[in-house]
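Asker: Input: one structure, supplied below.
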Amino acid sequence: MNAIIFDSSTLISLSEKCFLRLLMHVQEHSDCRFLLSQSVWEESVETPNRIHRFELNAERIREAVETGLMEIVHPTQETQKWAVQIEEWANHSFFIGKKPLAILQAGEIETMALYLSLRADAMAIDERT
């Protein structure tokens, strides 16, 4: 599958800089699909729509999905299995006292899980961790 899986922060950055249109040109000249998970959709569109300051980027991303530039991928059993494993590795590796330190959020975890389960070509993620 020729696909790139996007995380929220990368998607929001592309939207802020009006670069989502560049993805249209890539898609026109290749058979690449641009995918995002349900959690990424919620983080980049649904939540920001309730915060007026971030509404413009949310609407740009919504339009990219509605026009077919990007697709929301709902988790399969394999994706969920990977998500559980990634969450366990990432968020149970370090502790503060006896409490595990959460390093990754749902969007990052689902992005990585989709990448692995779909055997995608690339993952666009810009987290320091």
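Order determines the names: the first chain of the structure tokens is A, the second B, and so forth; residues in each chain are numbered 1 upward, and ligands are numbered 1 upward as they are shown.
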For the interface of segment 22-47 of chain A with segment 97-115 of chain A (cut-off 12 Å, counting only C-alpha atoms), please tabulate each contacting residue of segment 22-47 of chain A alongside its nearest pair of atoms and their separation in Å to one decimal, rows sorted by chain and increasing number, as a tab-separated table.

Answerer:
```
residue	atom	partner	partner_atom	distance
A:Phe34	CA	A:Tyr115	CA	11.5
A:Leu35	CA	A:Leu114	CA	8.9
A:Leu36	CA	A:Thr111	CA	7.0
A:Ser37	CA	A:Glu110	CA	6.2
A:Gln38	CA	A:Gly107	CA	8.1
A:Ser39	CA	A:Gly107	CA	5.0
A:Val40	CA	A:Gly107	CA	4.9
A:Trp41	CA	A:Gly107	CA	8.5
A:Glu42	CA	A:Gly107	CA	8.6
A:Glu43	CA	A:Gly107	CA	7.2
A:Ser44	CA	A:Gly107	CA	9.4
```

Asker: Set the distance at 9 Å and use only C-alpha atoms: which residues neighbour Ser15 of chain A once local chain neighbours fewer than 6 positions away are removed? I'd like the list as a list in words.

Answerer: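 Listed by chain and then number, they are Arg21, Leu56, Asn57, Ala58, Arg60 and Ile61 of chain A.
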
Asker: What residues in segment 9-127 of chain A get the DSSP label strand (DSSP E)? Please answer as a ChimeraX atom specification.

Answerer: /A:33-37,70-73,95-96,99-100,122-124

Asker: What does the distance between atom CA of Arg50 of chain A and atom CA of Glu63 of chain A come to in Å, to one decimal place?

Answerer: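 Here the two named atoms are 16.8 Å from each other.
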
Asker: Compare A:His74, A:Arg53, A:Lys17, A:His92 by their minimum atom-to-atom distance to Leu118 of chain A, counting only C-alpha atoms, and give me the closest one.

Answerer: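 Smallest separation from Leu118 of chain A among the options: A:His74.
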
Asker: Taking the backbone alone, and naming residues the way the document does, which bits of segment 80-113 of chain A are helix (DSSP H, G or I) by DSSP, as a list of chain:residue names?

Answerer: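 Result set for segment 80-113 of chain A (helix (DSSP H, G or I)): A:Gln80, A:Lys81, A:Trp82, A:Ala83, A:Val84, A:Gln85, A:Ile86, A:Glu87, A:Glu88, A:Trp89, A:Ala90, A:Asn91, A:Ala106, A:Gly107, A:Glu108, A:Ile109, A:Glu110, A:Thr111, A:Met112, A:Ala113.
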
Asker: Can you work out the spacing between atom CA of Ser13 of chain A and atom CA of Gln85 of chain A in Å, to one decimal?

Answerer: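 Calculated distance between atom CA of Ser13 of chain A and atom CA of Gln85 of chain A is 27.8 Å.
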
Asker: For atom CA of Asn2 of chain A and atom CA of Gln27 of chain A, determine how far apart the two atoms are, in Å to one decimal place.

Answerer: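 Spanning atom CA of Asn2 of chain A to atom CA of Gln27 of chain A is a straight-line distance of 10.5 Å.
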
Asker: With a distance cut-off of 10 Å and only C-alpha atoms, select the neighbouring residues of Leu116 of chain A, excluding the residue or stretch itself and same-chain residues fewer than 6 positions from it, and output the selection as an MDAnalysis selection string.

Answerer: chainID A and resid 78:79 82:83 110 122:123
